[in-house]
Amino acid sequence: MQSLKNLLYKMKTIYLLCAILALIACFNLPIGYYTFLRIALTLGALTVLYNEVQKDVNLLGISFIAIAILFNPILPVYLYQKSLWIAIDIITAILFLVYWLSQQLKK
């Protein structure tokens with residue numbers, strides 16, 4: 001039982017970390033960071049999807065499907081304009097923060 005609580009706590013930390021990583025991506029950084037960001041945010045979005053699918057399909061779950069598709073490292077989506085990615089990064093960070101807060105309030 002204790003290990004399950006520990007795992008849930010770590011998952012909640014992952015959501016906050018994904019939000020922070022998405023906000024950092026708004027700055028002009030080396031390409032290696034964006035590759036790392038794609039992997040981290042895809043894994044974070046898939047974790048949210050796993051939790052949400054167990055409950056019910058909702059708008060929040062659908063938005064994380066979009067995040068997983070946009071940030072997937074296997075078939076990357078290239079938008080070629082930093083301004084578009086900044087908007088997407090901010091929206092992604094907000095979604096992860098909202099999900100993190102919803103998980104904190106369930107405590």
# chains A, B, ... in the order shown; residues from 1 in each chain; ligands from 1
>>> residues_around(residues="stretch 68-77 of chain A", least_positions_apart="5", cutoff="8 Å", atoms="only C-alpha atoms", output="list of chain:residue names")
A:Thr35, A:Leu37, A:Arg38, A:Ile39, A:Leu41, A:Thr42, A:Leu43, A:Ala45, A:Leu46
>>> write_last_selection(atoms="N, CA and C atoms", output="compact mmCIF listing (two decimals), in the first residue's frame")
# COMPACT_ATOMS: atom_id res chain seq x y z
N THR A 35 14.34 17.87 -28.06
CA THR A 35 14.21 16.42 -28.21
C THR A 35 13.84 15.80 -26.86
N LEU A 37 12.40 17.36 -24.45
CA LEU A 37 11.06 17.84 -24.15
C LEU A 37 10.00 16.97 -24.84
N ARG A 38 10.23 16.61 -26.07
CA ARG A 38 9.28 15.75 -26.78
C ARG A 38 9.08 14.42 -26.05
N ILE A 39 10.18 13.83 -25.61
CA ILE A 39 10.09 12.55 -24.90
C ILE A 39 9.37 12.72 -23.57
N LEU A 41 7.31 15.17 -22.43
CA LEU A 41 5.90 15.56 -22.51
C LEU A 41 5.03 14.45 -23.10
N THR A 42 5.57 13.68 -24.01
CA THR A 42 4.80 12.55 -24.53
C THR A 42 4.56 11.53 -23.43
N LEU A 43 5.59 11.22 -22.66
CA LEU A 43 5.42 10.27 -21.55
C LEU A 43 4.46 10.82 -20.50
N ALA A 45 2.01 13.00 -21.03
CA ALA A 45 0.65 12.98 -21.60
C ALA A 45 0.09 11.57 -21.61
N LEU A 46 0.93 10.59 -21.91
CA LEU A 46 0.46 9.21 -21.91
C LEU A 46 0.10 8.74 -20.50
>>> residues_around(residues="A:Ile62", least_positions_apart="2", cutoff="12 Å", atoms="only C-alpha atoms", output="VMD selection string")
chain A and resid 45 to 46 48 to 50 52 to 53 56 to 60 64 to 69 95
>>> closest_residue(among="A:Leu79, A:Ile94, A:Leu84, A:Met11", to="A:Leu23", atoms="only C-alpha atoms")
A:Ile94
>>> atom_distance(atom1="atom CA of A:Ala87", atom2="atom CA of A:Trp100")
19.8 Å
>>> select_by_dssp(residues="chain A", states="alpha helix (DSSP H)", output="ChimeraX atom specification")
/A:2-24,31-55,59-71,82-105
>>> residues_around(residues="A:Phe27", least_positions_apart="2", cutoff="12 Å", atoms="only C-alpha atoms", output="mmCIF file with C-alpha atoms, in the first residue's frame")
data_model
loop_
_atom_site.group_PDB
_atom_site.id
_atom_site.type_symbol
_atom_site.label_atom_id
_atom_site.label_comp_id
_atom_site.auth_asym_id
_atom_site.auth_seq_id
_atom_site.Cartn_x
_atom_site.Cartn_y
_atom_site.Cartn_z
ATOM 1 C CA LEU A 21 9.648 21.865 -18.857
ATOM 2 C CA ALA A 22 7.023 23.208 -21.263
ATOM 3 C CA LEU A 23 7.440 26.741 -19.898
ATOM 4 C CA ILE A 24 11.236 26.541 -20.158
ATOM 5 C CA ALA A 25 10.788 25.581 -23.821
ATOM 6 C CA LEU A 29 17.446 26.639 -26.328
ATOM 7 C CA PRO A 30 19.580 24.034 -28.115
ATOM 8 C CA ILE A 31 17.826 21.366 -30.187
ATOM 9 C CA TYR A 33 16.443 20.221 -25.103
ATOM 10 C CA TYR A 34 13.511 20.082 -27.499
ATOM 11 C CA LYS A 82 8.867 29.540 -32.777
ATOM 12 C CA SER A 83 5.839 31.728 -32.027
ATOM 13 C CA TRP A 85 5.488 26.513 -30.473
ATOM 14 C CA ILE A 86 5.556 29.110 -27.685
ATOM 15 C CA ALA A 87 1.754 29.261 -27.718
ATOM 16 C CA ASP A 89 4.097 25.212 -24.921
ATOM 17 C CA ILE A 90 2.158 27.675 -22.759
#
>>> atom_distance(atom1="atom CA of A:Thr92", atom2="atom CA of A:Lys55")
21.5 Å
>>> closest_residue(among="A:Gln81, A:Gly44, A:Gln54, A:Ser63", to="A:Lys12", atoms="only C-alpha atoms")
A:Gly44
